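Student: Let me begin by handing over the structure; questions about it come next.
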Amino acid sequence: MVADVGRSLDRLEGWRIGPVSLTVSADRVSDVVAATGDDPNRWTAAAPPSFAAVTLFTVAKSLLAAPELAGRGVIHAEQTFDWQRPYNIGSEVEVEAVVGRVRSRGATTFVGLEVTAGDGSGQIQTSASSFVAVETGGAESEDLGSEPGPEERGINEIPVEQPLPAVGSPLPLLAKSASRGDLLRYAAATGDWNPIHWDHGAAVSAGLPGIVAHGLLMAAWVVQAAARHAPGDMPLRQARLRFRSPLRPAEPAVVVGEVLEEGSLRLRVDSGGEERVTATVVLAELPSDGG
C-alpha cells in the first residue's frame, strides 16, 4: 500500500502550476506586515521580504490541494528565496511553479516546488521549497483541550533599523511569539491555510503535538532580523532556511545570529533551548557607512 501511494505521488513530478496573477496591493502588504510583526513605517512603497510567502502560496495552495496528497499531512522542511527586485506596491505579478523531484521513503514523501515571479519589467523573485508529506494517523480527540488561549503569546518585538555589527559579532536579539489568533491572521494574509496551523486534530494526526506556527512565519522573523541591518526596499538578496523543529503558539522565541562576513549573516530561531529554524541570509546592500 505504501508503494502504491508513492507511485501516485510520483505523478506530481513535473506538474506546472500557473501562471497566476497576484496584485501587490497596499492592503495585502499591510496585512502581511501586521501578521508578522514587522515595521509598518518602513514598508509603505514596497512589500517586505516576507511577502515572498504570499507569492509562494499563490501557487503552493494548488499543490497542497492535489488529490495525490489527500490523507497526508504536509510539513515545510526547507526553503530558499532569491530576490532580484522589490515587490512595489501596486504592481501586478505573474507567478508560476513547477513540481520538482518527488521521492518517497517508506510512508514519507519529499516534494520539491520551484517558483518564479515577475512583472512586465522582468523577474522579481525565485524560490525553491521542500515539503514533507506524511501519512496521517487516527489521533484520539482526548487531547483537543491542550491548546493555549486564542490570543495568548509572548513578546512580539517590532524590528528597528540599526547598524550592521562587525564581522564575527553577534546580531541584536529579536524576541518573537505568535498566538493562535496570529496564526489565523497570517494564514489570511498569505493564503497558507495548511490545517496543521489552525486545526488541532489535523496537526496531531500529522504527528505534531498540536497546532504549530507556520514555518514561513518564523522565516519572516528571520528576514526581519536581517533586513533591519540593510537599507531600502530590497534589503535582502537571498535567504536559505531549514525548518528543524515546530514552534507552538504562545511559546516565546528569539531570533539570534552573527555576521559571517561582510553582507552574509547566520541566524536561527530558538525557543525552549531548541533550534526551530536555521538560516543564512545575504544582504542586498550594505549601509553606506559600511556598518
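Each chain in the C-alpha cells gets a letter, A, B, ..., in the order shown, and its residues are numbered from 1; ligands are numbered from 1 in order too.
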List every residue of stretch 123-173 of chain A that DSSP, applied to the backbone of this structure, places in strand (DSSP E), and write the result as an MDAnalysis selection string.

Tutor: chainID A and resid 123:135

Student: Write a file of the selected residues as a short mmCIF file (atom, residue, chain, number, x, y, z; two decimals), in the first residue's frame, keeping N, CA, C and O atoms.

Tutor:
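Dumped everything to out-v9.cif:
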```cif
data_model
loop_
_atom_site.label_atom_id
_atom_site.label_comp_id
_atom_site.auth_asym_id
_atom_site.auth_seq_id
_atom_site.Cartn_x
_atom_site.Cartn_y
_atom_site.Cartn_z
N GLN A 123 11.97 39.58 -14.03
CA GLN A 123 11.86 38.71 -12.86
C GLN A 123 12.04 39.50 -11.57
O GLN A 123 12.89 40.38 -11.47
N ILE A 124 11.21 39.16 -10.57
CA ILE A 124 11.29 39.80 -9.26
C ILE A 124 11.91 38.85 -8.24
O ILE A 124 12.77 39.24 -7.45
N GLN A 125 11.48 37.59 -8.28
CA GLN A 125 11.91 36.66 -7.24
C GLN A 125 11.78 35.23 -7.72
O GLN A 125 10.92 34.90 -8.53
N THR A 126 12.67 34.36 -7.22
CA THR A 126 12.55 32.92 -7.41
C THR A 126 12.62 32.26 -6.05
O THR A 126 13.13 32.83 -5.07
N SER A 127 12.10 31.05 -5.97
CA SER A 127 12.17 30.31 -4.70
C SER A 127 12.18 28.82 -4.97
O SER A 127 11.75 28.36 -6.03
N ALA A 128 12.71 28.10 -4.00
CA ALA A 128 12.72 26.63 -4.04
C ALA A 128 12.28 26.11 -2.69
O ALA A 128 12.84 26.51 -1.66
N SER A 129 11.26 25.26 -2.69
CA SER A 129 10.70 24.72 -1.45
C SER A 129 10.86 23.22 -1.41
O SER A 129 10.84 22.54 -2.44
N SER A 130 10.99 22.70 -0.19
CA SER A 130 10.97 21.26 0.04
C SER A 130 9.90 20.98 1.09
O SER A 130 9.96 21.50 2.21
N PHE A 131 8.89 20.20 0.69
CA PHE A 131 7.81 19.81 1.59
C PHE A 131 7.92 18.32 1.90
O PHE A 131 8.38 17.53 1.08
N VAL A 132 7.48 17.95 3.11
CA VAL A 132 7.44 16.56 3.52
C VAL A 132 5.98 16.16 3.70
O VAL A 132 5.25 16.80 4.48
N ALA A 133 5.54 15.15 2.99
CA ALA A 133 4.18 14.64 3.11
C ALA A 133 4.21 13.33 3.89
O ALA A 133 4.96 12.42 3.55
N VAL A 134 3.42 13.25 4.96
CA VAL A 134 3.40 12.07 5.82
C VAL A 134 1.98 11.54 5.91
O VAL A 134 1.01 12.30 5.90
N GLU A 135 1.87 10.22 5.99
CA GLU A 135 0.55 9.62 6.16
C GLU A 135 0.00 10.01 7.53
O GLU A 135 0.69 9.92 8.54
#
```

Student: Which residues of stretch 176-213 of chain A come within 7 Å of stretch 236-253 of chain A, and for each one, what is the closest pair of atoms and their distance in Å to one decimal, counting only C-alpha atoms, sorted by chain and residue number, as a Markdown table?

Tutor:
```
| residue | atom | partner | partner_atom | distance |
| --- | --- | --- | --- | --- |
| A:Lys176 | CA | A:Ala253 | CA | 5.1 |
| A:Ser177 | CA | A:Pro252 | CA | 5.0 |
| A:Ala178 | CA | A:Pro249 | CA | 5.5 |
| A:Ser179 | CA | A:Pro249 | CA | 5.0 |
| A:Arg180 | CA | A:Pro249 | CA | 5.6 |
| A:Ile211 | CA | A:Arg248 | CA | 6.3 |
| A:Val212 | CA | A:Arg248 | CA | 4.6 |
| A:Ala213 | CA | A:Leu247 | CA | 5.5 |
```

Student: Could you list, as a PDB file with N, CA, C and O atoms, in the first residue's frame, every residue within 10 Å of A:Thr136, counting only C-alpha atoms and ignoring same-chain residues fewer than 3 positions away?

Tutor:
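The result, written out as around.pdb:
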```pdb
ATOM      1  N   ALA A  70      -4.131  13.821  -0.651  1.00  0.00           N
ATOM      2  CA  ALA A  70      -5.268  13.618   0.247  1.00  0.00           C
ATOM      3  C   ALA A  70      -4.916  12.581   1.310  1.00  0.00           C
ATOM      4  O   ALA A  70      -4.304  11.552   1.027  1.00  0.00           O
ATOM      5  N   GLY A  71      -5.268  12.875   2.554  1.00  0.00           N
ATOM      6  CA  GLY A  71      -4.998  11.957   3.644  1.00  0.00           C
ATOM      7  C   GLY A  71      -3.575  12.000   4.137  1.00  0.00           C
ATOM      8  O   GLY A  71      -3.141  11.110   4.875  1.00  0.00           O
ATOM      9  N   ARG A  72      -2.830  13.030   3.736  1.00  0.00           N
ATOM     10  CA  ARG A  72      -1.441  13.158   4.166  1.00  0.00           C
ATOM     11  C   ARG A  72      -1.223  14.563   4.740  1.00  0.00           C
ATOM     12  O   ARG A  72      -1.742  15.548   4.220  1.00  0.00           O
ATOM     13  N   GLY A  73      -0.462  14.635   5.816  1.00  0.00           N
ATOM     14  CA  GLY A  73      -0.079  15.919   6.371  1.00  0.00           C
ATOM     15  C   GLY A  73       1.146  16.441   5.646  1.00  0.00           C
ATOM     16  O   GLY A  73       2.039  15.671   5.298  1.00  0.00           O
ATOM     17  N   VAL A  74       1.175  17.754   5.389  1.00  0.00           N
ATOM     18  CA  VAL A  74       2.279  18.363   4.640  1.00  0.00           C
ATOM     19  C   VAL A  74       3.019  19.334   5.554  1.00  0.00           C
ATOM     20  O   VAL A  74       2.407  20.248   6.119  1.00  0.00           O
ATOM     21  N   ALA A 107       6.683   5.674   4.441  1.00  0.00           N
ATOM     22  CA  ALA A 107       5.422   6.419   4.436  1.00  0.00           C
ATOM     23  C   ALA A 107       5.632   7.918   4.281  1.00  0.00           C
ATOM     24  O   ALA A 107       4.673   8.685   4.327  1.00  0.00           O
ATOM     25  N   ALA A 133       5.544  15.147   2.989  1.00  0.00           N
ATOM     26  CA  ALA A 133       4.180  14.638   3.110  1.00  0.00           C
ATOM     27  C   ALA A 133       4.209  13.332   3.893  1.00  0.00           C
ATOM     28  O   ALA A 133       4.955  12.417   3.548  1.00  0.00           O
ATOM     29  N   ALA A 139      -5.679  10.106  15.300  1.00  0.00           N
ATOM     30  CA  ALA A 139      -5.486  10.689  16.629  1.00  0.00           C
ATOM     31  C   ALA A 139      -6.787  10.704  17.413  1.00  0.00           C
ATOM     32  O   ALA A 139      -7.858  10.948  16.872  1.00  0.00           O
ATOM     33  N   ALA A 202      -5.977  17.957  12.970  1.00  0.00           N
ATOM     34  CA  ALA A 202      -5.152  17.748  11.777  1.00  0.00           C
ATOM     35  C   ALA A 202      -3.676  17.753  12.140  1.00  0.00           C
ATOM     36  O   ALA A 202      -2.891  16.964  11.604  1.00  0.00           O
ATOM     37  N   ALA A 203      -3.291  18.634  13.073  1.00  0.00           N
ATOM     38  CA  ALA A 203      -1.888  18.701  13.478  1.00  0.00           C
ATOM     39  C   ALA A 203      -1.449  17.425  14.195  1.00  0.00           C
ATOM     40  O   ALA A 203      -0.396  16.857  13.897  1.00  0.00           O
ATOM     41  N   VAL A 204      -2.262  16.958  15.134  1.00  0.00           N
ATOM     42  CA  VAL A 204      -1.922  15.746  15.881  1.00  0.00           C
ATOM     43  C   VAL A 204      -1.894  14.542  14.945  1.00  0.00           C
ATOM     44  O   VAL A 204      -1.026  13.671  15.051  1.00  0.00           O
ATOM     45  N   SER A 205      -2.811  14.503  14.002  1.00  0.00           N
ATOM     46  CA  SER A 205      -2.861  13.401  13.055  1.00  0.00           C
ATOM     47  C   SER A 205      -1.612  13.348  12.183  1.00  0.00           C
ATOM     48  O   SER A 205      -1.207  12.280  11.719  1.00  0.00           O
ATOM     49  N   ALA A 206      -0.983  14.525  11.976  1.00  0.00           N
ATOM     50  CA  ALA A 206       0.248  14.590  11.191  1.00  0.00           C
ATOM     51  C   ALA A 206       1.483  14.315  12.036  1.00  0.00           C
ATOM     52  O   ALA A 206       2.613  14.447  11.550  1.00  0.00           O
ATOM     53  N   GLY A 207       1.274  13.936  13.309  1.00  0.00           N
ATOM     54  CA  GLY A 207       2.392  13.594  14.177  1.00  0.00           C
ATOM     55  C   GLY A 207       2.952  14.747  14.969  1.00  0.00           C
ATOM     56  O   GLY A 207       4.018  14.627  15.580  1.00  0.00           O
TER      57      GLY A 207
END
```

Student: If you count only C-alpha atoms, which residues fall within 10 Å of A:Pro19, apart from same-chain ones fewer than 2 positions away, as a list in words?

Tutor: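 Near neighbours after the sequence-gap exclusion: Arg16, Ile17, Ser21, Leu22, Thr58, Val59, Val93, Glu94, Val95, Glu96, Ala97, Thr116 and Ala117 of chain A.
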
Student: Rounded to one decimal in Å, what is the spacing between atom CA of A:Trp221 and atom CA of A:Pro150?

Tutor: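 A separation of 20.6 Å between them.
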
Student: Check the smallest atom-to-atom distance from each of A:Ala226, A:Val259, A:Val115, A:Leu216 to A:Val98 using only C-alpha atoms, then report the winner.

Tutor: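 Going through A:Ala226, A:Val259, A:Val115, A:Leu216 one by one, the smallest distance to A:Val98 is for A:Val115.
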
Student: Restrict the calculation to only C-alpha atoms, then for each residue of stretch 25-80 of chain A with any atom at most 9 Å from an atom of stretch 154-170 of chain A give the closest atom pair and their distance in Å to one decimal, rows by chain and rising residue number, as a Markdown table.

Tutor:
```
| residue | atom | partner | partner_atom | distance |
| --- | --- | --- | --- | --- |
| A:Thr36 | CA | A:Asn156 | CA | 8.8 |
| A:Gly37 | CA | A:Ile158 | CA | 5.6 |
| A:Asp38 | CA | A:Ile158 | CA | 5.4 |
| A:Asp39 | CA | A:Ile158 | CA | 5.8 |
```

Student: Let me see the file: selected residues, N, CA and C atoms, as a compact mmCIF listing (two decimals), in the first residue's frame.

Tutor:
```
# COMPACT_ATOMS: atom_id res chain seq x y z
N THR A 36 3.05 39.54 10.70
CA THR A 36 4.40 39.08 11.01
C THR A 36 5.09 39.94 12.07
N GLY A 37 4.44 41.02 12.50
CA GLY A 37 5.05 41.90 13.49
C GLY A 37 6.20 42.71 12.93
N ASP A 38 6.08 43.13 11.64
CA ASP A 38 7.12 43.93 11.01
C ASP A 38 6.87 45.42 11.28
N ASP A 39 7.75 46.26 10.76
CA ASP A 39 7.69 47.71 10.98
C ASP A 39 6.77 48.36 9.95
```

Student: What is the distance, in Å and to one decimal place, between atom CA of A:Ala60 and atom CA of A:Asp199?

Tutor: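 These atoms are spaced 19.2 Å apart.
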
Student: Could you check how far atom CA of A:Leu267 sits from atom CA of A:Thr280, in Å to one decimal?

Tutor: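 Spanning atom CA of A:Leu267 to atom CA of A:Thr280 is a straight-line distance of 6.1 Å.
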
Student: Based on DSSP run over this structure's backbone, return all residues of stretch 65-283 of chain A in helix (DSSP H, G or I), as JSON, numbers by chain.

Tutor: {"A": [67, 68, 69, 141, 142, 143, 180, 181, 182, 183, 184, 185, 186, 187, 188, 189, 190, 195, 196, 197, 200, 201, 202, 203, 204, 205, 215, 216, 217, 218, 219, 220, 221, 222, 223, 224, 225, 226, 227]}

Student: With C-alpha atoms retained, write the just-selected residues as a PDB file, in the first residue's frame.

Tutor:
```pdb
ATOM      1  CA  PRO A  67      -5.748  14.653  -4.807  1.00  0.00           C
ATOM      2  CA  GLU A  68      -2.451  12.741  -4.569  1.00  0.00           C
ATOM      3  CA  LEU A  69      -1.835  14.414  -1.189  1.00  0.00           C
ATOM      4  CA  SER A 141      -9.870  13.607  20.415  1.00  0.00           C
ATOM      5  CA  GLU A 142      -8.990  13.477  24.101  1.00  0.00           C
ATOM      6  CA  ASP A 143      -6.126  15.979  23.708  1.00  0.00           C
ATOM      7  CA  ARG A 180      -3.363  31.138  17.718  1.00  0.00           C
ATOM      8  CA  GLY A 181      -5.125  34.293  16.532  1.00  0.00           C
ATOM      9  CA  ASP A 182      -1.875  35.485  14.958  1.00  0.00           C
ATOM     10  CA  LEU A 183      -1.610  32.213  13.047  1.00  0.00           C
ATOM     11  CA  LEU A 184      -5.095  32.722  11.607  1.00  0.00           C
ATOM     12  CA  ARG A 185      -4.232  36.301  10.646  1.00  0.00           C
ATOM     13  CA  TYR A 186      -1.027  35.092   8.998  1.00  0.00           C
ATOM     14  CA  ALA A 187      -2.933  32.414   7.088  1.00  0.00           C
ATOM     15  CA  ALA A 188      -5.430  35.019   5.850  1.00  0.00           C
ATOM     16  CA  ALA A 189      -2.637  37.415   4.830  1.00  0.00           C
ATOM     17  CA  THR A 190      -0.543  34.846   2.936  1.00  0.00           C
ATOM     18  CA  PRO A 195      -4.663  22.889   8.579  1.00  0.00           C
ATOM     19  CA  ILE A 196      -1.747  21.960  10.856  1.00  0.00           C
ATOM     20  CA  HIS A 197      -1.571  25.693  11.688  1.00  0.00           C
ATOM     21  CA  HIS A 200      -5.565  20.696  16.424  1.00  0.00           C
ATOM     22  CA  GLY A 201      -6.870  17.362  15.165  1.00  0.00           C
ATOM     23  CA  ALA A 202      -5.152  17.748  11.777  1.00  0.00           C
ATOM     24  CA  ALA A 203      -1.888  18.701  13.478  1.00  0.00           C
ATOM     25  CA  VAL A 204      -1.922  15.746  15.881  1.00  0.00           C
ATOM     26  CA  SER A 205      -2.861  13.401  13.055  1.00  0.00           C
ATOM     27  CA  GLY A 215       7.454  27.784   9.055  1.00  0.00           C
ATOM     28  CA  LEU A 216       7.264  30.857   6.845  1.00  0.00           C
ATOM     29  CA  LEU A 217       6.104  32.986   9.783  1.00  0.00           C
ATOM     30  CA  MET A 218       9.308  32.049  11.594  1.00  0.00           C
ATOM     31  CA  ALA A 219      11.136  32.719   8.313  1.00  0.00           C
ATOM     32  CA  ALA A 220       9.584  36.207   8.339  1.00  0.00           C
ATOM     33  CA  TRP A 221      11.083  36.793  11.783  1.00  0.00           C
ATOM     34  CA  VAL A 222      14.478  35.705  10.466  1.00  0.00           C
ATOM     35  CA  VAL A 223      14.369  38.058   7.475  1.00  0.00           C
ATOM     36  CA  GLN A 224      13.188  40.903   9.729  1.00  0.00           C
ATOM     37  CA  ALA A 225      16.224  40.382  11.953  1.00  0.00           C
ATOM     38  CA  ALA A 226      18.444  40.582   8.852  1.00  0.00           C
ATOM     39  CA  ALA A 227      16.624  43.348   6.957  1.00  0.00           C
TER      40      ALA A 227
END
```

Student: Excluding A:Gly232 and residues on its chain fewer than 2 positions from it, collect all residues at most 12 Å away from it, counting only C-alpha atoms, and give them as a VMD selection string.

Tutor: chain A and resid 42 to 49 85 to 86 88 161 227 to 230 234 to 236 283 to 288

Student: Would you list the contacts of A:Leu12 as number ranges by chain, taking every protein, DNA or RNA residue within 9 Å and counting only C-alpha atoms, but skipping same-chain residues closer than 4 positions in sequence?

Tutor: A: 8, 63, 66, 68, 99-102, 111
